>>> print(open('upload-v4.txt').read())   # compact mmCIF, C-alpha atoms
# COMPACT_ATOMS: atom_id res chain seq x y z
CA MET A 1 -13.50 -1.42 12.28
CA ARG A 2 -13.32 -0.21 8.73
CA LEU A 3 -12.25 2.97 7.03
CA LEU A 4 -15.26 5.25 6.62
CA LEU A 5 -15.77 6.56 3.08
CA SER A 6 -17.65 9.70 2.22
CA SER A 7 -20.96 9.03 0.46
CA ALA A 8 -19.73 10.74 -2.71
CA PHE A 9 -16.55 8.68 -2.77
CA THR A 10 -18.49 5.47 -2.18
CA LEU A 11 -20.90 6.32 -5.00
CA ALA A 12 -18.00 6.99 -7.40
CA LEU A 13 -16.51 3.60 -6.60
CA THR A 14 -19.77 1.73 -7.14
CA LEU A 15 -20.25 3.38 -10.51
CA THR A 16 -16.91 2.23 -11.92
CA LEU A 17 -15.88 -0.90 -10.04
CA SER A 18 -17.05 -4.42 -9.41
CA ALA A 19 -17.21 -5.46 -5.76
CA ALA A 20 -14.24 -7.76 -6.25
CA ASP A 21 -11.88 -5.29 -7.99
CA TRP A 22 -8.68 -4.04 -6.33
CA PRO A 23 -8.46 -0.46 -7.66
CA GLN A 24 -5.64 0.90 -5.52
CA PHE A 25 -2.87 0.01 -3.09
CA ARG A 26 -4.19 -2.38 -0.42
CA GLY A 27 -7.60 -2.68 -2.05
CA PRO A 28 -10.90 -0.76 -2.12
CA ASN A 29 -10.49 0.74 1.38
CA ARG A 30 -6.67 0.80 1.48
CA ASP A 31 -6.72 -1.64 4.40
CA GLY A 32 -5.47 -4.85 2.75
CA ILE A 33 -8.91 -6.45 3.01
CA SER A 34 -10.88 -8.05 0.19
CA LYS A 35 -14.66 -8.40 0.47
CA GLU A 36 -14.69 -11.50 -1.74
CA THR A 37 -16.28 -14.75 -0.56
CA GLY A 38 -16.46 -18.24 -1.98
CA LEU A 39 -12.70 -18.71 -2.08
CA LEU A 40 -10.77 -21.90 -1.40
CA LYS A 41 -10.53 -22.70 2.31
CA GLU A 42 -7.61 -25.05 1.76
CA TRP A 43 -5.06 -25.42 -1.01
CA PRO A 44 -3.90 -28.61 -2.75
CA LYS A 45 -0.40 -29.84 -1.92
CA ASP A 46 1.19 -27.85 -4.75
CA GLY A 47 -0.98 -24.79 -4.26
CA PRO A 48 -3.92 -23.45 -6.32
CA ALA A 49 -4.02 -23.88 -10.08
CA LYS A 50 -1.98 -21.40 -12.10
CA VAL A 51 -4.12 -19.71 -14.79
CA TRP A 52 -1.44 -17.74 -16.62
CA GLN A 53 2.03 -16.25 -16.30
CA VAL A 54 3.56 -13.33 -18.22
CA LYS A 55 6.94 -11.64 -18.45
CA GLY A 56 8.21 -8.31 -19.71
CA LEU A 57 6.64 -6.00 -17.12
CA GLY A 58 9.89 -4.19 -16.37
CA LEU A 59 11.74 -4.04 -13.07
CA GLY A 60 9.81 -2.74 -10.07
CA PHE A 61 8.61 -3.76 -6.61
CA GLY A 62 5.19 -2.11 -6.84
CA THR A 63 1.99 -4.05 -6.23
CA PRO A 64 -0.48 -3.89 -9.17
CA SER A 65 -4.09 -2.69 -9.05
CA ILE A 66 -7.06 -4.25 -10.84
CA ALA A 67 -10.19 -2.55 -12.19
CA ASP A 68 -12.42 -2.49 -15.27
CA GLY A 69 -11.06 -5.81 -16.56
CA LYS A 70 -7.47 -4.58 -16.52
CA ILE A 71 -4.35 -4.93 -14.38
CA PHE A 72 -2.22 -1.82 -13.86
CA GLY A 73 1.34 -1.60 -12.58
CA MET A 74 4.65 0.21 -12.90
CA GLY A 75 8.04 -0.83 -14.18
CA THR A 76 11.32 0.31 -15.71
CA ARG A 77 11.80 -0.55 -19.38
CA ASP A 78 14.46 0.70 -21.78
CA GLU A 79 15.71 3.18 -19.14
CA LYS A 80 12.27 4.72 -18.60
CA ASP A 81 9.85 4.43 -15.66
CA GLY A 82 6.28 3.95 -16.75
CA VAL A 83 2.83 2.47 -16.21
CA TRP A 84 1.58 -0.68 -17.94
CA ALA A 85 -1.88 -2.20 -18.45
CA LEU A 86 -2.69 -5.88 -19.00
CA LYS A 87 -5.88 -7.76 -19.78
CA GLU A 88 -7.18 -9.29 -16.58
CA SER A 89 -8.33 -12.41 -18.44
CA ASP A 90 -5.00 -13.56 -19.86
CA GLY A 91 -2.26 -11.08 -18.90
CA SER A 92 -1.69 -9.85 -22.44
CA GLU A 93 -0.41 -6.28 -22.60
CA LEU A 94 -2.66 -3.41 -23.66
CA TRP A 95 -0.25 -0.46 -23.38
CA PHE A 96 2.86 0.93 -21.68
CA THR A 97 3.37 4.66 -21.04
CA PRO A 98 6.84 5.87 -19.99
CA PHE A 99 6.82 9.18 -18.10
CA ASP A 100 10.07 9.62 -16.15
CA GLU A 101 13.77 8.80 -16.00
CA PRO A 102 14.60 5.99 -13.58
CA ARG A 103 16.28 6.67 -10.28
CA LYS A 104 19.84 5.43 -9.86
CA ILE A 105 19.46 1.72 -9.20
CA ASN A 106 20.21 0.26 -5.80
CA GLN A 107 18.43 -2.50 -3.91
CA ASN A 108 14.89 -1.51 -4.90
CA ASN A 109 15.07 -1.31 -8.67
CA GLY A 110 12.30 0.43 -10.54
CA PRO A 111 9.18 2.21 -9.25
CA SER A 112 7.60 0.87 -6.06
CA GLY A 113 4.15 2.47 -5.99
CA THR A 114 0.74 1.25 -7.14
CA PRO A 115 -1.32 3.10 -9.77
CA THR A 116 -4.68 4.25 -8.39
CA PHE A 117 -7.74 3.69 -10.63
CA HIS A 118 -10.66 6.11 -10.34
CA GLU A 119 -13.47 6.83 -12.80
CA GLY A 120 -11.55 5.64 -15.85
CA LYS A 121 -8.31 7.39 -14.92
CA LEU A 122 -5.01 6.26 -13.38
CA TYR A 123 -2.83 8.22 -10.97
CA ALA A 124 0.78 7.14 -10.40
CA ILE A 125 4.02 8.47 -8.89
CA SER A 126 7.49 7.72 -10.25
CA SER A 127 10.53 7.05 -8.07
CA LYS A 128 11.78 10.58 -8.73
CA GLY A 129 8.48 12.21 -7.86
CA LYS A 130 6.51 12.74 -11.05
CA LEU A 131 2.76 12.50 -10.42
CA VAL A 132 0.87 11.65 -13.62
CA ARG A 133 -2.74 11.10 -14.59
CA LEU A 134 -3.38 8.71 -17.48
CA ASP A 135 -6.42 7.50 -19.36
CA ALA A 136 -6.94 3.92 -18.17
CA LYS A 137 -8.09 2.65 -21.58
CA THR A 138 -5.33 4.13 -23.72
CA GLY A 139 -2.51 5.14 -21.36
CA LYS A 140 -2.57 8.68 -22.78
CA PRO A 141 -1.34 11.29 -20.24
CA ASP A 142 -3.74 14.04 -19.13
CA TRP A 143 -1.43 16.05 -16.86
CA GLN A 144 1.77 15.75 -14.83
CA VAL A 145 3.26 17.40 -11.72
CA ASP A 146 6.90 17.30 -10.58
CA PHE A 147 7.21 17.07 -6.78
CA VAL A 148 10.81 18.33 -6.82
CA LYS A 149 10.63 21.14 -9.40
CA ASP A 150 7.08 22.32 -8.75
CA LEU A 151 6.80 21.80 -4.98
CA LYS A 152 10.41 21.72 -3.73
CA GLY A 153 10.01 18.15 -2.54
CA SER A 154 12.98 15.96 -1.63
CA VAL A 155 13.33 12.45 -3.07
CA PRO A 156 13.65 9.91 -0.21
CA GLY A 157 16.76 7.70 -0.14
CA TRP A 158 15.00 4.78 -1.86
CA GLY A 159 12.82 6.95 -4.06
CA TYR A 160 9.17 7.89 -3.78
CA CYS A 161 7.14 4.74 -3.11
CA GLU A 162 3.74 6.30 -2.44
CA SER A 163 0.45 5.25 -4.03
CA PRO A 164 -1.84 8.28 -4.57
CA LEU A 165 -5.08 8.70 -2.62
CA ILE A 166 -8.19 9.87 -4.48
CA ASP A 167 -10.77 11.48 -2.18
CA GLY A 168 -13.66 13.37 -3.73
CA ASP A 169 -12.20 15.87 -6.21
CA LYS A 170 -8.71 15.60 -4.74
CA VAL A 171 -5.63 13.47 -5.36
CA VAL A 172 -3.52 13.62 -2.19
CA CYS A 173 0.23 12.86 -2.06
CA THR A 174 3.38 13.49 -0.03
CA PRO A 175 6.11 15.51 -1.79
CA GLY A 176 7.81 16.11 1.57
CA GLY A 177 9.70 19.11 2.87
CA LYS A 178 8.01 22.51 3.13
CA ASN A 179 5.00 21.10 1.25
CA THR A 180 4.85 17.83 3.16
CA ILE A 181 1.37 16.79 2.03
CA VAL A 182 -0.38 18.34 -0.97
CA ALA A 183 -3.90 18.03 -2.37
CA PHE A 184 -4.29 18.46 -6.14
CA ASN A 185 -7.39 18.82 -8.28
CA LYS A 186 -7.77 15.34 -9.75
CA ASN A 187 -8.97 16.71 -13.10
CA THR A 188 -6.38 19.43 -13.70
CA GLY A 189 -3.41 18.73 -11.41
CA GLU A 190 -3.69 22.22 -9.89
CA VAL A 191 -2.84 22.60 -6.20
CA ILE A 192 -5.85 22.86 -3.87
CA TRP A 193 -3.84 23.18 -0.66
CA LYS A 194 -0.34 22.58 0.72
CA SER A 195 0.38 21.34 4.23
CA ALA A 196 3.74 22.19 5.79
CA MET A 197 3.02 20.01 8.85
CA THR A 198 3.93 22.86 11.19
CA LYS A 199 4.58 20.91 14.35
CA ASP A 200 6.47 22.87 17.00
CA ASP A 201 9.67 20.92 16.39
CA LEU A 202 9.30 20.85 12.59
CA PRO A 203 8.30 24.37 11.53
CA LYS A 204 9.55 23.83 7.97
CA GLY A 205 7.73 20.60 7.27
CA ASP A 206 8.70 16.94 7.30
CA GLY A 207 10.32 14.47 4.92
CA ALA A 208 8.44 12.01 2.77
CA HIS A 209 9.14 8.36 3.55
CA TYR A 210 7.65 5.22 2.00
CA SER A 211 4.06 4.87 3.23
CA SER A 212 0.77 5.99 1.64
CA ILE A 213 -2.07 8.16 2.94
CA LEU A 214 -5.17 6.83 4.70
CA ALA A 215 -8.43 8.85 4.85
CA VAL A 216 -10.56 8.51 8.00
CA GLU A 217 -13.29 10.26 9.98
CA ILE A 218 -12.41 11.09 13.61
CA ALA A 219 -14.73 13.07 15.89
CA GLY A 220 -16.70 14.24 12.89
CA GLN A 221 -13.70 15.52 10.95
CA ARG A 222 -12.33 13.96 7.79
CA GLN A 223 -8.55 13.75 7.92
CA TYR A 224 -5.56 12.24 6.16
CA ILE A 225 -3.13 10.05 8.11
CA GLN A 226 0.40 9.55 6.80
CA PHE A 227 3.61 7.95 8.12
CA VAL A 228 6.35 10.47 7.34
CA ARG A 229 9.96 10.74 8.49
CA SER A 230 9.31 11.88 12.07
CA GLY A 231 6.24 9.72 12.72
CA VAL A 232 2.54 9.28 12.05
CA VAL A 233 0.77 12.58 11.35
CA SER A 234 -2.71 13.79 10.43
CA VAL A 235 -3.99 16.83 8.54
CA GLY A 236 -7.49 18.11 7.84
CA ALA A 237 -8.95 16.97 4.53
CA SER A 238 -10.53 20.34 3.80
CA ASP A 239 -7.46 22.56 4.19
CA GLY A 240 -4.40 20.47 5.12
CA GLY A 241 -4.23 21.98 8.59
CA PHE A 242 -2.07 20.03 11.04
CA LEU A 243 -4.13 18.00 13.56
CA TRP A 244 -1.98 15.55 15.54
CA HIS A 245 1.17 13.41 15.52
CA TYR A 246 2.36 10.12 17.04
CA ASP A 247 6.11 9.66 16.73
CA ALA A 248 6.98 6.49 18.70
CA PRO A 249 6.64 4.02 15.77
CA ALA A 250 9.11 5.96 13.58
CA ASN A 251 12.73 4.98 13.01
CA GLY A 252 15.56 6.93 11.44
CA THR A 253 15.87 4.74 8.34
CA ALA A 254 12.56 3.87 6.65
CA ASN A 255 8.91 4.15 7.70
CA CYS A 256 7.02 2.03 5.17
CA SER A 257 3.82 0.28 6.22
CA MET A 258 0.50 2.12 6.25
CA PRO A 259 -1.01 2.73 9.71
CA LEU A 260 -4.24 0.98 10.75
CA TYR A 261 -7.27 2.88 12.06
CA ALA A 262 -10.38 1.78 13.96
CA ASP A 263 -12.66 3.22 16.65
CA GLY A 264 -10.64 6.37 17.33
CA ALA A 265 -7.30 4.57 17.55
CA VAL A 266 -4.29 4.32 15.22
CA PHE A 267 -1.69 1.55 15.16
CA ALA A 268 1.60 1.95 13.31
CA ALA A 269 4.83 -0.03 13.21
CA SER A 270 8.28 0.00 11.64
CA ALA A 271 11.43 -2.12 11.67
CA TYR A 272 15.11 -1.38 12.46
CA GLY A 273 14.68 -2.23 16.13
CA THR A 274 11.62 -0.05 16.67
CA GLY A 275 8.28 -1.92 16.84
CA GLY A 276 4.69 -0.73 16.83
CA GLY A 277 2.24 1.09 19.05
CA LEU A 278 -1.37 2.15 19.40
CA ALA A 279 -2.41 5.76 20.01
CA LEU A 280 -5.89 6.90 21.03
CA ILE A 281 -6.96 9.99 19.09
CA SER A 282 -9.13 12.39 21.09
CA LYS A 283 -10.48 15.89 20.57
CA LYS A 284 -10.44 18.47 23.33
CA ALA A 285 -12.08 21.77 22.49
CA ASP A 286 -10.84 22.43 18.94
CA LYS A 287 -7.59 20.42 19.15
CA PHE A 288 -6.78 16.75 18.50
CA GLU A 289 -4.34 14.76 20.59
CA ALA A 290 -2.69 11.34 20.21
CA THR A 291 -2.09 9.43 23.48
CA GLU A 292 -0.16 6.17 23.42
CA GLU A 293 -2.06 3.19 24.81
CA TYR A 294 0.67 0.54 24.42
CA PHE A 295 3.82 -0.28 22.46
CA ASP A 296 4.92 -3.70 21.16
CA LYS A 297 8.68 -3.76 20.61
CA LYS A 298 8.50 -7.06 18.73
CA MET A 299 5.92 -5.99 16.14
CA GLN A 300 8.59 -4.71 13.75
CA ASN A 301 6.61 -4.64 10.54
CA HIS A 302 9.07 -3.53 7.86
CA HIS A 303 7.19 -2.92 4.60
CA GLY A 304 4.87 -5.91 4.21
CA GLY A 305 1.84 -4.21 5.73
CA MET A 306 -0.64 -5.32 8.38
CA VAL A 307 -4.37 -6.07 8.35
CA LEU A 308 -6.97 -5.53 11.06
CA VAL A 309 -9.62 -8.25 11.18
CA ASP A 310 -12.31 -8.51 13.88
CA GLY A 311 -10.21 -6.68 16.45
CA TYR A 312 -6.87 -8.38 15.76
CA ILE A 313 -3.79 -7.23 13.86
CA TYR A 314 -1.95 -9.66 11.58
CA GLY A 315 1.43 -8.74 10.13
CA THR A 316 4.95 -10.05 9.84
CA SER A 317 7.95 -9.11 11.91
CA GLY A 318 10.48 -11.93 11.75
CA SER A 319 7.45 -14.08 11.05
CA LEU A 320 3.65 -13.75 11.07
CA ARG A 321 2.35 -12.27 14.31
CA CYS A 322 -1.17 -11.80 15.72
CA ILE A 323 -1.89 -9.20 18.41
CA GLU A 324 -5.07 -7.78 19.90
CA PHE A 325 -5.69 -4.30 18.51
CA LYS A 326 -7.00 -2.65 21.69
CA THR A 327 -4.54 -4.13 24.19
CA GLY A 328 -1.43 -5.24 22.29
CA LYS A 329 -1.75 -8.75 23.74
CA VAL A 330 0.23 -11.23 21.66
CA MET A 331 -2.00 -14.11 20.58
CA TRP A 332 0.50 -16.16 18.57
CA GLU A 333 3.46 -16.15 16.20
CA GLY A 334 3.49 -18.24 13.03
CA LYS A 335 6.15 -19.75 10.79
CA THR A 336 5.86 -17.83 7.56
CA GLY A 337 8.98 -15.71 7.75
CA LYS A 338 9.09 -11.99 6.96
CA GLY A 339 6.91 -10.70 4.14
CA SER A 340 3.58 -9.15 3.14
CA VAL A 341 -0.02 -9.97 4.02
CA THR A 342 -3.49 -9.59 2.47
CA TYR A 343 -6.86 -10.75 3.85
CA ALA A 344 -9.79 -12.37 2.01
CA ASP A 345 -12.70 -14.61 3.02
CA GLY A 346 -11.51 -15.57 6.49
CA HIS A 347 -7.89 -16.15 5.49
CA LEU A 348 -4.53 -14.41 5.31
CA TYR A 349 -2.44 -14.59 2.15
CA VAL A 350 1.13 -14.27 3.37
CA ARG A 351 4.06 -13.95 0.98
CA ASN A 352 7.59 -14.61 2.21
CA GLU A 353 9.85 -11.96 0.72
CA GLY A 354 12.97 -14.10 0.41
CA GLY A 355 14.18 -17.44 -0.88
CA LYS A 356 11.51 -19.28 -2.84
CA GLY A 357 8.89 -16.57 -2.28
CA THR A 358 6.66 -19.06 -0.48
CA VAL A 359 2.98 -18.09 -0.28
CA TYR A 360 0.92 -19.26 2.73
CA LEU A 361 -2.81 -19.54 3.32
CA VAL A 362 -3.45 -19.01 7.04
CA GLU A 363 -6.72 -18.76 8.93
CA ALA A 364 -7.40 -15.30 10.35
CA ASN A 365 -7.99 -16.86 13.74
CA PRO A 366 -6.62 -15.23 16.91
CA LYS A 367 -6.79 -18.50 18.85
CA ALA A 368 -4.04 -20.31 16.95
CA TYR A 369 -1.79 -20.25 13.89
CA THR A 370 -3.56 -22.56 11.45
CA GLU A 371 -1.95 -23.09 8.06
CA LYS A 372 -4.29 -24.24 5.24
CA GLY A 373 -1.79 -24.51 2.41
CA LYS A 374 1.40 -23.16 0.90
CA PHE A 375 3.41 -23.21 -2.31
CA ASP A 376 6.70 -21.91 -3.61
CA GLN A 377 6.47 -19.33 -6.36
CA PRO A 378 7.89 -20.68 -9.63
CA ASP A 379 10.33 -18.67 -11.76
CA ARG A 380 11.53 -16.30 -9.05
CA GLN A 381 13.12 -13.18 -10.55
CA GLN A 382 16.91 -13.56 -10.74
CA LYS A 383 19.19 -10.57 -10.26
CA PRO A 384 21.05 -9.90 -13.52
CA LYS A 385 24.57 -9.38 -12.19
CA GLU A 386 24.44 -10.74 -8.66
CA LYS A 387 23.91 -14.11 -7.10
CA GLY A 388 20.45 -14.78 -5.73
CA MET A 389 17.01 -13.39 -6.42
CA TYR A 390 15.24 -10.10 -5.91
CA GLU A 391 13.15 -9.85 -2.75
CA ALA A 392 9.46 -10.59 -3.37
CA TRP A 393 8.22 -7.29 -1.93
CA ALA A 394 5.03 -6.79 -3.97
CA TYR A 395 1.97 -7.62 -1.84
CA PRO A 396 -0.22 -10.60 -2.82
CA LEU A 397 -3.35 -9.33 -4.53
CA VAL A 398 -6.81 -10.97 -4.43
CA ALA A 399 -9.36 -9.91 -7.04
CA ASN A 400 -12.29 -11.55 -8.81
CA GLY A 401 -11.50 -15.05 -7.59
CA LYS A 402 -7.82 -14.87 -8.50
CA LEU A 403 -4.56 -14.51 -6.59
CA TYR A 404 -1.91 -12.37 -8.31
CA LEU A 405 1.82 -12.32 -7.58
CA ARG A 406 4.08 -9.72 -9.11
CA ASP A 407 7.82 -10.49 -9.03
CA GLN A 408 9.67 -7.67 -10.80
CA ASP A 409 9.35 -8.49 -14.52
CA ILE A 410 6.99 -11.44 -13.94
CA MET A 411 3.27 -11.71 -13.10
CA LEU A 412 1.51 -14.92 -12.07
CA CYS A 413 -2.24 -15.51 -11.78
CA TYR A 414 -3.80 -18.33 -9.72
CA ASP A 415 -7.42 -19.53 -9.49
CA ILE A 416 -8.50 -19.48 -5.84
CA LYS A 417 -12.28 -19.67 -6.37
CA ALA A 418 -13.94 -22.60 -4.61
CA LYS A 419 -15.56 -25.03 -7.06
>>> encode(input="upload-v4.txt", output="structure tokens")
Amino acid sequence: MRLLLSSAFTLALTLTLSAADWPQFRGPNRDGISKETGLLKEWPKDGPAKVWQVKGLGLGFGTPSIADGKIFGMGTRDEKDGVWALKESDGSELWFTPFDEPRKINQNNGPSGTPTFHEGKLYAISSKGKLVRLDAKTGKPDWQVDFVKDLKGSVPGWGYCESPLIDGDKVVCTPGGKNTIVAFNKNTGEVIWKSAMTKDDLPKGDGAHYSSILAVEIAGQRQYIQFVRSGVVSVGASDGGFLWHYDAPANGTANCSMPLYADGAVFAASAYGTGGGLALISKKADKFEATEEYFDKKMQNHHGGMVLVDGYIYGTSGSLRCIEFKTGKVMWEGKTGKGSVTYADGHLYVRNEGGKGTVYLVEANPKAYTEKGKFDQPDRQQKPKEKGMYEAWAYPLVANGKLYLRDQDIMLCYDIKAK
């Protein structure tokens, strides 16, 4: 039940990454799953040991990525949106490259995407829609594309939040509008193809929302799945041709979490009273079709993501929820509150988005909610002019035996390797 990678893409990853790196949004396969083993199965009363903590990252909700001994993320500093790089060993800064003006601040300050690392290069998207490629060692820009000026894209209400997908020689993103999904040459930034998503009811394309693209193989065809304004859609990887759509999980406000894929089926969910559903993807003659298998009104995953482990989905709605992937059967509901989730070594790392930013270690066990530790994040990021703290929206990140928490301007690193 894993995303299938092309042999060339897999080879490129093995040449540049360690098995325990986290080179892009939601990890090596963009599914929120770490392949690490030998991690703590239970935490001490006060949580795992903190290794280091740094400040000065700049405001932003984006989750970092980790590769080649470095941590990469995005933030707003001195009225500029940019990408930063830190040493993985101690959090000391290596460089910061500003490349766009910040979007007018509202509840999600700063950029919200994750830089994608691939073969010594970084690919990142600003809130206003600038796609940039940088040298990962120096931060020097190679090329830049403007979604709005160059492709007539439309900035979503809370800004572009997408994390770029690298697939073969392509970097694939979602400008929205007439050019809903676009594939660029990763080396030059030149357009390879544009997809207008010409569904019958949307002949002029669809709007970008807040999810990121997933690459899969279905019925022998490689395709890109994205959650846009009207719903979950898929286009052919070779030419961007429209393949199928599944609209039930979409709401009219914000579609954020990445869909899950396994065994010819796609699950997607959103909040604002909507919920989540599973669609079976089939091919008849030369056309694909999405047929809904079930819908779970209570699985209202907002933007904290979901993971699929051994046939079960784990994600938060009002709290952590476990459902069977194939049937939608609810197995249990936990007590973590609303937030984000990552999987590693038999356990879920669940981060509550509000209050103290509590982090939970929970067994990935469909039989029962079993908590193996928790701790409150220290030094939660305070809002400068308002009472309270920013929401802890960045996903927990597990890489090379460490747990990383990004909270706006702050980054914390914890040792979770079993002794």
>>> residues_around(input="upload-v4.txt", residues="region 409-419 of chain A", least_positions_apart="6", cutoff="8 Å", atoms="all atoms listed in the file", output="VMD selection string")
chain A and resid 38 to 41 48 to 60 75 381 401 to 403
>>> closest_residue(input="upload-v4.txt", among="A:Asn109, A:Thr116, A:Ser282, A:Ser65", to="Gly220 (chain A)", atoms="all atoms listed in the file")
A:Ser282
>>> closest_residue(input="upload-v4.txt", among="A:Asn365, A:Ser154, A:Ser212, A:Ser238", to="Tyr343 (chain A)", atoms="all atoms listed in the file")
A:Asn365
>>> closest_residue(input="upload-v4.txt", among="A:Cys173, A:Cys161, A:Ile181, A:Leu260", to="Gly32 (chain A)", atoms="only C-alpha atoms")
A:Leu260
>>> residues_around(input="upload-v4.txt", residues="region 243-249 of chain A", least_positions_apart="2", cutoff="10 Å", atoms="all atoms listed in the file", output="number ranges by chain")
A: 197-199, 223-236, 240-241, 251, 255, 259, 266-271, 274-283, 286-292, 295-297, 300
>>> atom_distance(input="upload-v4.txt", atom1="CA of Thr327 (chain A)", atom2="CA of Met299 (chain A)")
13.3 Å
>>> atom_distance(input="upload-v4.txt", atom1="CA of Asn29 (chain A)", atom2="CA of Gly357 (chain A)")
26.2 Å
>>> atom_distance(input="upload-v4.txt", atom1="CA of Phe117 (chain A)", atom2="CA of Glu93 (chain A)")
17.2 Å
>>> closest_residue(input="upload-v4.txt", among="A:Trp143, A:Tyr261, A:Trp84, A:Tyr160", to="Pro102 (chain A)", atoms="only C-alpha atoms")
A:Tyr160
>>> closest_residue(input="upload-v4.txt", among="A:Asp81, A:Asp263, A:Glu190, A:Glu371", to="Ala219 (chain A)", atoms="only C-alpha atoms")
A:Asp263
>>> closest_residue(input="upload-v4.txt", among="A:Ser163, A:Thr358, A:Gln221, A:Gln144", to="Lys186 (chain A)", atoms="only C-alpha atoms")
A:Gln144
>>> residues_around(input="upload-v4.txt", residues="region 132-142 of chain A", least_positions_apart="3", cutoff="6 Å", atoms="all atoms listed in the file", output="list in words")
Thr97, Gly120, Lys121, Leu122, Tyr123 and Ala124 of chain A
>>> write_last_selection(input="upload-v4.txt", atoms="C-alpha atoms", output="tab-separated table (two decimals), in the coordinates of the input")
chain	number	residue	atom	x	y	z
A	97	THR	CA	3.37	4.66	-21.04
A	120	GLY	CA	-11.55	5.64	-15.85
A	121	LYS	CA	-8.31	7.39	-14.92
A	122	LEU	CA	-5.01	6.26	-13.38
A	123	TYR	CA	-2.83	8.22	-10.97
A	124	ALA	CA	0.78	7.14	-10.40
>>> residues_near_point(input="upload-v4.txt", point="(-6.9, -15.4, 10.6)", cutoff="8 Å", atoms="all atoms listed in the file", output="list in words")
Val309, Tyr314, Gly346, His347, Leu348, Val362, Glu363, Ala364, Asn365, Pro366, Tyr369 and Thr370 of chain A
>>> residues_around(input="upload-v4.txt", residues="Lys170 (chain A)", least_positions_apart="3", cutoff="7 Å", atoms="all atoms listed in the file", output="ChimeraX atom specification")
/A:166-167,183-186
>>> write_last_selection(input="upload-v4.txt", atoms="C-alpha atoms", output="tab-separated table (two decimals), keeping the file's coordinate frame")
chain	number	residue	atom	x	y	z
A	166	ILE	CA	-8.19	9.87	-4.48
A	167	ASP	CA	-10.77	11.48	-2.18
A	183	ALA	CA	-3.90	18.03	-2.37
A	184	PHE	CA	-4.29	18.46	-6.14
A	185	ASN	CA	-7.39	18.82	-8.28
A	186	LYS	CA	-7.77	15.34	-9.75
>>> residues_around(input="upload-v4.txt", residues="Lys149 (chain A)", least_positions_apart="5", cutoff="12 Å", atoms="all atoms listed in the file", output="CSV table (one decimal) with C-alpha atoms, in the frame of the given file")
chain,number,residue,atom,x,y,z
A,128,LYS,CA,11.8,10.6,-8.7
A,129,GLY,CA,8.5,12.2,-7.9
A,130,LYS,CA,6.5,12.7,-11.0
A,131,LEU,CA,2.8,12.5,-10.4
A,144,GLN,CA,1.8,15.8,-14.8
A,154,SER,CA,13.0,16.0,-1.6
A,155,VAL,CA,13.3,12.4,-3.1
A,175,PRO,CA,6.1,15.5,-1.8
